[in-house]
Structure formats: structure tokens, C-alpha cells
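Engineer: Starting off with a structure, shown below.
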Amino acid sequence: MPMLIERLEEQRRHAESIAEIHDAYTATLAELRRTPFLEHALRVGEPFPDFLLPNADGRLVSRDDLLARGPMVATFFRGTWCPYCAVQLA
């Protein structure tokens with residue numbers, strides 16, 4: 001089974017081969033670079049902010065609840081339409 005990085009690279013090459021997707025992606029990156037969004041991003045070593053979100057059962061859980069059980073990994077799943085998200089969760 002290919003590693004995640006290999007599967008993501010394959011997805012990137014596929015997306016770049018479709019001009020409409022490549023152009024939209026390039027335009028979006030250019031727009032993001034013109035905004036100050038990175039000023040608000042976490043830096044390496046900074047703690048993840050606390051949160052309170054529903055789990056799969058609808059029960060609210062916090063960052064500290066999860067960390068009490070062991071290391072926590074945060075991922076952002078945009079939707080089933082996102083091929084990168086689908087690859088990441090596969």
C-alpha cells in the first residue's frame with residue numbers, strides 16, 4: 001500500500017493535469033498570499049488552542065479530554081468533495 005505522501009503526490013499530479021483545477025488552485029494560493037492569514041496560524045511548538053466540539057456520539061469533548069487519553073492529532077476534513085481529505089482519511 002502506498003504511503004500517504006505518495007498518494008497525495010499522485011493526487012496533486014492528477015489535479016495539475018486538469019487545467020481548470022490547476023488554474024483555480026493557483027489563483028486561490030495567490031489570493032491567500034495577499035492576505036494576512038498566516039499571521040494567525042499556529043507556529044511550530046505552540047500549543048493547540050482549547051476547544052469544545054461534539055464527538056461522533058454527540059457528546060462534547062475538549063482538547064484536554066482527548067489529551068488525557070494520549071497524544072492528539074488534529075485534521076481538517078473539508079468534505080467528501082475534497083480528494084486530498086479523502087486520501088488522508090483512507
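For the C-alpha cells, the naming scheme is as follows: chains receive sequential letters (A, B, ...) according to their order of presentation, residues are indexed from 1 within each chain, and ligands are indexed from 1 in presentation order.
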Need the shell around Phe48 in chain A: protein/DNA/RNA residues with any atom at most 10 Å away, counting only C-alpha atoms. Skip same-chain ones fewer than 4 positions apart. Format as an NGL selection string?

Structural biologist: :A and (42-43 or 63 or 72 or 74)

Engineer: Once DSSP has gone over the backbone, tell me which residues of chain A are in strand (DSSP E or B), as a PyMOL selection string.

Structural biologist: chain A and resi 52-54+60-62

Engineer: Given the selection you just returned, output its residues as a file containing N, CA and C atoms, formatted as a PDB file, in the first residue's frame.

Structural biologist:
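Saved the output as again.pdb:
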```pdb
ATOM      1  N   LEU A  52     -14.121  22.904  22.362  1.00  0.00           N
ATOM      2  CA  LEU A  52     -15.205  22.070  22.846  1.00  0.00           C
ATOM      3  C   LEU A  52     -16.055  21.730  21.630  1.00  0.00           C
ATOM      4  N   LEU A  53     -15.979  20.472  21.190  1.00  0.00           N
ATOM      5  CA  LEU A  53     -16.665  20.035  19.973  1.00  0.00           C
ATOM      6  C   LEU A  53     -17.385  18.715  20.220  1.00  0.00           C
ATOM      7  N   PRO A  54     -18.470  18.468  19.465  1.00  0.00           N
ATOM      8  CA  PRO A  54     -19.152  17.186  19.627  1.00  0.00           C
ATOM      9  C   PRO A  54     -18.354  16.055  18.982  1.00  0.00           C
ATOM     10  N   LEU A  60     -19.992  16.438  23.938  1.00  0.00           N
ATOM     11  CA  LEU A  60     -18.971  17.471  23.822  1.00  0.00           C
ATOM     12  C   LEU A  60     -17.674  17.005  24.474  1.00  0.00           C
ATOM     13  N   VAL A  61     -16.583  17.181  23.757  1.00  0.00           N
ATOM     14  CA  VAL A  61     -15.260  16.841  24.280  1.00  0.00           C
ATOM     15  C   VAL A  61     -14.330  18.032  24.069  1.00  0.00           C
ATOM     16  N   SER A  62     -13.383  18.159  24.953  1.00  0.00           N
ATOM     17  CA  SER A  62     -12.415  19.255  24.858  1.00  0.00           C
ATOM     18  C   SER A  62     -11.052  18.709  24.458  1.00  0.00           C
TER      19      SER A  62
END
```

Engineer: Could you list, as a PyMOL selection string, every residue within 10 Å of Tyr25 in chain A, counting only C-alpha atoms and ignoring same-chain residues fewer than 6 positions away?

Structural biologist: chain A and resi 15-16+19+31

Engineer: So how many Å separate CA of Leu66 in chain A and CA of Arg7 in chain A, to one decimal?

Structural biologist: 28.5 Å

Engineer: Quick check, in Å to one decimal: how far apart do CA of Ile21 in chain A and CA of Cys82 in chain A lie?

Structural biologist: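 Calculated distance between CA of Ile21 in chain A and CA of Cys82 in chain A is 12.0 Å.
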
Engineer: For each of A:Tyr84, A:Leu89, A:Asp50, A:Asn55, take the minimum atom-to-atom distance to Arg12 in chain A, counting only C-alpha atoms, then give the residue where this is smallest.

Structural biologist: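 Nearest candidate to Arg12 in chain A out of A:Tyr84, A:Leu89, A:Asp50, A:Asn55: A:Tyr84.
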
Engineer: Please, what distance in Å, to one decimal, runs between CA of Pro83 in chain A and CA of Leu8 in chain A?

Structural biologist: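 Result for CA of Pro83 in chain A versus CA of Leu8 in chain A: 9.0 Å, one decimal.
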